[in-house]
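Visitor: Sharing a structure with you now.
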Amino acid sequence: MLTLLTNSLSRSLLYLRNLFAKKVKESRPPEQKDPGWKLFGKVPPREGAVKDPRKIQKEYETKSGRAGNQTSPRPGVRKNLDFEPLSTTALILEDRPANLPAKPAEEAQKHRQQYEEMVAQAKKRELKEAQKRKKQLEDRCKLEESIGTAAQIWNQEILPNWSTMCSVSHLLSYPAFSSALPVDLYNICLARAKEKWGRTAAPNVIDSSDRESSLELIKLDISRTFPQLCIFQQGGPYYDVLHSILGAYTCYRPDVGYVQGMSFIAAVLILNLDTADAFIAFANLLNKPCQMAFFRVDHSLMLTYFAAFEVFFEENLPKLFAHFKKNNLTPDIYLIDWIFTLYSKSLPLDLACRVWDVFCRDGEEFLFRTALGVLRLYQDVLTSMDFIHMAQFLTRLPDLIPPEQLFQHIAAVHMTSRNRKWSQVDLLSRGRGFPGPRH
């Protein structure tokens with residue numbers, strides 16, 4: 001009996017010891033190396049290593065009855081993706097996933113053709129862009145080469161012989177500038193202009209009956225003269241010179257006064273001549289019949305110039321001439337601005353100076369020949385436009401005009417009509433003995 005009691009007590013003690021040992025073991029907090037995070041507190045990290053996604057996929061296929069080594073009953077169905085497509089175009093050449101029907105042969109061929117067309121278009125676009133970049137690089141190299149050549153000529157030929165190169169006697173001997181104006185005319189007219197400015201108490205009040213009152217209008221126009229150069233605006237080095245020449249001219253020809261556009265002509269002359277010589281050349285130039293007709297707004301004489309121009313327009317560009325007639329685009333819409341400023345406002349300055357070089361030699365005929373050259377250069381563009389777009393295009397020509405191409409088109413213009421030259425056609429138009437353009 002005692003033995004049984006002892007054995008029972010021993011088993012009870014052993015049970016209790018094991019029970020308390022288990023509770024102590026379970027109550028011991030787990031060691032956390034790197035605590036995880038949830039929205040509102042910390043959570044212990046998951047135990048065990050992270051499984052490989054491929055292993056998870058394989059287990060999923062095994063559980064779903066589609067083991068990786070199971071062959072598809074239908075040919076053409078993919079088993080596994082060897083790589084992930086990098087773009088949607090690559091999907092065209094890929095088969096469908098294993099859980100979808102296989103592509104028909106016709107559809108696969110269609111997708112392949114579409115992919116090949118896309119690749120061909122991309123290659124064509126890349127080739128076109130490469131050719132464009134190559135052309136831009138070639139044009140840039142040509143421009144740099146021309147600038148280098150011009151700099152070499154400037155440094156080796158012009159600067160060492162500046163005293164002879166800057167002589168203006170040859171320029172004043174051209175027909176466009178030659179006249180018997182006295183040398184001190186500029187000082188006389190400038191003194192009168194300064195006296196007029198001194199008497200003007202209210203510069204904003206302009207008497208339209210007095211053409212000399214246009215002295216105040218000059219300031220409004222000078223600010224718009226070659227603004228990209230920043231030398232003729234107020235505070236610039238040539239502001240006072242330009243203002244003085246224009247003011248002196250209004251006192252020299254009060255019947256004409258100042259007309260908008262004169263500042264561009266005077267500015268070009270200032271860039272090439274001394275102040276007094278620039279004034280004489282400016283006065284001589286504006287005294288020519290063509291310029292005087294436009295600046296005095298002599299409508300009857302302007303119409304004769306337009307009629308003579310249309311004769312040669314029809315002779316040289318019959319298709320464009322008919323297009324202009326169809327859209328009722330008359331020469332006065334674009335020619336007035338070109339003639340007013342002698343292209344110094346309409347064309348880039350360097351190109352306008354080249355036009356001036358030939359104009360000084362050939363006279364007013366070259367002004368209208370240049371107009372035909374511009375129309376000939378942009379003939380294909382203009383024939384596809386309506387009235388509004390043509391007027392906008394011609395009143396604001398592109399900033400980048402290829403000089404060589406323009407002068408090639410100018411040289412291709414024939415200034416003869418029915419065996420008559422420009423001067424003869426102009427005289428006949430004034431006497432109305434010439435039938436004018438054919439309609």
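Every chain in the structure tokens has a letter given in the order shown (A, B, ...), and although residue numbers restart at 1 in each chain, ligands are simply numbered from 1 in the order shown.
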Considering only alpha helix (DSSP H) as DSSP defines it on the backbone, what residues of region 338-413 of chain A qualify? List them as a PyMOL selection string.

Guide: chain A and resi 338-340+349-362+365-377+379-382+387-395+403-411

Visitor: So which residues of region 276-438 of chain A fall under strand (DSSP E) by DSSP, listed as a PDB file with all heavy atoms, in the first residue's frame?

Guide:
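part.pdb was written with the following content:
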ATOM      1  N   THR A 416      11.826  90.737-119.777  1.00  0.00           N
ATOM      2  CA  THR A 416      11.418  91.158-121.127  1.00  0.00           C
ATOM      3  C   THR A 416      10.027  90.605-121.396  1.00  0.00           C
ATOM      4  O   THR A 416       9.725  89.457-121.047  1.00  0.00           O
ATOM      5  CB  THR A 416      12.391  90.639-122.198  1.00  0.00           C
ATOM      6  OG1 THR A 416      12.508  89.203-122.085  1.00  0.00           O
ATOM      7  CG2 THR A 416      13.767  91.284-122.045  1.00  0.00           C
ATOM      8  N   SER A 417       9.208  91.414-121.990  1.00  0.00           N
ATOM      9  CA  SER A 417       7.860  91.004-122.343  1.00  0.00           C
ATOM     10  C   SER A 417       7.542  91.528-123.734  1.00  0.00           C
ATOM     11  O   SER A 417       7.542  92.758-123.954  1.00  0.00           O
ATOM     12  CB  SER A 417       6.854  91.559-121.318  1.00  0.00           C
ATOM     13  OG  SER A 417       5.536  91.234-121.690  1.00  0.00           O
ATOM     14  N   ARG A 420      10.031  93.779-125.066  1.00  0.00           N
ATOM     15  CA  ARG A 420      10.134  95.072-124.406  1.00  0.00           C
ATOM     16  C   ARG A 420      10.751  94.881-123.032  1.00  0.00           C
ATOM     17  O   ARG A 420      10.412  93.928-122.327  1.00  0.00           O
ATOM     18  CB  ARG A 420       8.760  95.736-124.261  1.00  0.00           C
ATOM     19  CG  ARG A 420       8.116  96.154-125.575  1.00  0.00           C
ATOM     20  CD  ARG A 420       6.831  96.922-125.298  1.00  0.00           C
ATOM     21  NE  ARG A 420       6.220  97.414-126.503  1.00  0.00           N
ATOM     22  CZ  ARG A 420       5.298  96.737-127.205  1.00  0.00           C
ATOM     23  NH1 ARG A 420       4.905  95.540-126.793  1.00  0.00           N
ATOM     24  NH2 ARG A 420       4.775  97.257-128.304  1.00  0.00           N
ATOM     25  N   LYS A 421      11.628  95.794-122.650  1.00  0.00           N
ATOM     26  CA  LYS A 421      12.259  95.751-121.341  1.00  0.00           C
ATOM     27  C   LYS A 421      11.382  96.448-120.308  1.00  0.00           C
ATOM     28  O   LYS A 421      10.329  96.996-120.623  1.00  0.00           O
ATOM     29  CB  LYS A 421      13.648  96.393-121.402  1.00  0.00           C
ATOM     30  CG  LYS A 421      14.616  95.662-122.325  1.00  0.00           C
ATOM     31  CD  LYS A 421      15.982  96.319-122.307  1.00  0.00           C
ATOM     32  CE  LYS A 421      16.961  95.573-123.204  1.00  0.00           C
ATOM     33  NZ  LYS A 421      18.307  96.193-123.195  1.00  0.00           N
TER      34      LYS A 421
END

Visitor: Using only C-alpha atoms, which of the listed residues (A:Asp298, A:Thr383, A:Cys251, A:Arg125) sits closest to Ala322 (chain A)?

Guide: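 Closest to Ala322 (chain A) of all the choices is A:Thr383.
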
Visitor: Using only C-alpha atoms, can you tell me which of A:His323, A:Phe407, A:Arg376, A:Asn419 comes closest to Met390 (chain A)?

Guide: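 Residue with the minimum atom-to-atom distance to Met390 (chain A): A:His323.
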
Visitor: If you count only C-alpha atoms, which residues fall within 12 Å of Phe324 (chain A), apart from same-chain ones fewer than 5 positions away, as a list in words?

Guide: Glu310, Phe313, Glu314, Leu317, Pro318, Lys319, Leu329, Thr330, Pro331, Ile333, Tyr334, Leu375, Gln379, Leu382, Thr383, Ser384, Met385, Asp386, Phe387, Ile388, His389, Met390, Ala391 and His439 of chain A

Visitor: Which region 347-419 of chain A residues have any atom within 12 Å of an atom of region 291-294 of chain A, and for each, what is the nearest pair of atoms with distance in Å to one decimal, counting only C-alpha atoms, rows sorted by chain and number, as a Markdown table?

Guide:
| residue | atom | partner | partner_atom | distance |
| --- | --- | --- | --- | --- |
| A:Gly363 | CA | A:Gln291 | CA | 11.1 |
| A:Glu364 | CA | A:Gln291 | CA | 8.7 |
| A:Leu367 | CA | A:Gln291 | CA | 10.8 |
